[in-house]
Structure formats: C-alpha cells, structure tokens
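Asks: Sharing a structure below in structure tokens format, with a few things to ask.
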Amino acid sequence: MKKLFVCTLLSFAIIACGKKGGATDSTYTPATPEEGAWHTNCSKCHSLKRATPSGHTATEWTSIVDRMQKKRGGGQFTDEQKVLIMKYLIAGAKS
C-alpha cells in the first residue's frame with residue numbers, strides 16, 4: 001500500500017511539473033521573426049530539439065501546422081503567427 005501511495009504521488013508530481021515538450025531558454029534570441037514565432041509558439045508543447053524544420057517536408061509541415069492550430073479550439077496561435085512559423089519550417093524542410 002505504501003508503494004502505491006508513493007507511486008501515485010510521484011506520478012502527480014511529474015504531471016504537475018511539466019508540459020509535453022520542454023522548457024524554453026530565457027537567453028534564447030531568434031535569428032529572424034519567423035524563427036521567433038516558431039520558438040515561442042511550438043515550444044509551448046514540443047521539445048524543439050526534436051521538432052526541427054528538417055524533420056518533415058514542406059507538404060508535411062503544412063498539414064501538421066494546420067492540425068496544431070486547430071487544437072484546443074484554435075487558440076494555439078494566430079493566422080499571422082502561422083504564416084511566420086510556416087516560412088521558417090518550409091525554409092528548412094527536407095526535400
């Protein structure tokens with residue numbers, strides 16, 4: 001019973017302490033507004049070490065970003081932010 005209690009507390013602590021992705025680095029300075037939009041919006045839920053532009057083709061990024069924008073009632077990022085994010089991702093997308 002004691003092990004179950006400790007495991008339950010540990011599980012709650014893990015859930016309460018973080019989100020899916022990763023923390024943002026407060027010293028980060030984006031090279032472009034497009035990179036800044038990507039970093040600011042996508043790092044809310046994703047580890048940006050894994051979600052790099054070269055991870056998908058431009059076509060794949062289009063459908064991925066469309067899907068992400070619609071999550072949680074469409075409040076993930078604005079259409080203007082989406083344009084910047086897409087410019088950044090497509091510029092570095094794999095062929």
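Letters A, B, ... mark the chains of the structure tokens in the order given; residue numbers begin at 1 per chain; ligand numbers begin at 1, in order shown.
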Would you pick out the contacts of A:His39 at 9 Å or less, using only C-alpha atoms, so that residues sharing its chain but fewer than 3 positions from it are not included, and give the list as a PyMOL selection string?

Replies: chain A and resi 24+30+34-36+42-44+48+85

Asks: If we count only C-alpha atoms, what is near stretch 57-68 of chain A at a cut-off of 7 Å, once residues fewer than 3 positions away on the same chain are taken out, given as number ranges by chain?

Replies: A: 71, 89-90, 93-95

Asks: Keeping only N, CA and C atoms, write those residues as a PDB file, in the first residue's frame.

Replies:
ATOM      1  N   LYS A  71      -5.994  22.621 -32.651  1.00  0.00           N
ATOM      2  CA  LYS A  71      -6.084  22.011 -31.321  1.00  0.00           C
ATOM      3  C   LYS A  71      -6.577  23.022 -30.313  1.00  0.00           C
ATOM      4  N   LEU A  89       9.584  26.930 -41.121  1.00  0.00           N
ATOM      5  CA  LEU A  89       9.629  25.481 -41.295  1.00  0.00           C
ATOM      6  C   LEU A  89       9.884  25.080 -42.739  1.00  0.00           C
ATOM      7  N   ILE A  90       9.252  25.773 -43.680  1.00  0.00           N
ATOM      8  CA  ILE A  90       9.436  25.429 -45.097  1.00  0.00           C
ATOM      9  C   ILE A  90      10.854  25.742 -45.564  1.00  0.00           C
ATOM     10  N   ALA A  93      12.836  22.805 -44.416  1.00  0.00           N
ATOM     11  CA  ALA A  93      12.232  21.480 -44.584  1.00  0.00           C
ATOM     12  C   ALA A  93      13.109  20.574 -45.449  1.00  0.00           C
ATOM     13  N   LYS A  94      12.960  19.268 -45.193  1.00  0.00           N
ATOM     14  CA  LYS A  94      13.701  18.324 -46.033  1.00  0.00           C
ATOM     15  C   LYS A  94      13.039  18.227 -47.400  1.00  0.00           C
ATOM     16  N   SER A  95      13.830  17.862 -48.378  1.00  0.00           N
ATOM     17  CA  SER A  95      13.323  17.776 -49.755  1.00  0.00           C
ATOM     18  C   SER A  95      12.507  16.541 -49.985  1.00  0.00           C
TER      19      SER A  95
END

Asks: May I ask for the distance between atom CA of A:Gly92 and atom CA of A:Thr32, given in Å to one decimal place?

Replies: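 According to the coordinates, atom CA of A:Gly92 and atom CA of A:Thr32 are separated by 13.1 Å.
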
Asks: Could you please write out, as a list in words, every residue of stretch 41-94 of chain A that DSSP assigns to alpha helix (DSSP H)?

Replies: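 Output for stretch 41-94 of chain A, alpha helix (DSSP H) only: Asn41, Cys42, Ala58, Thr59, Glu60, Trp61, Thr62, Ser63, Ile64, Val65, Asp66, Arg67, Met68, Gln69, Lys70, Asp79, Glu80, Gln81, Lys82, Val83, Leu84, Ile85, Met86, Lys87, Tyr88, Leu89, Ile90 and Ala91 of chain A.
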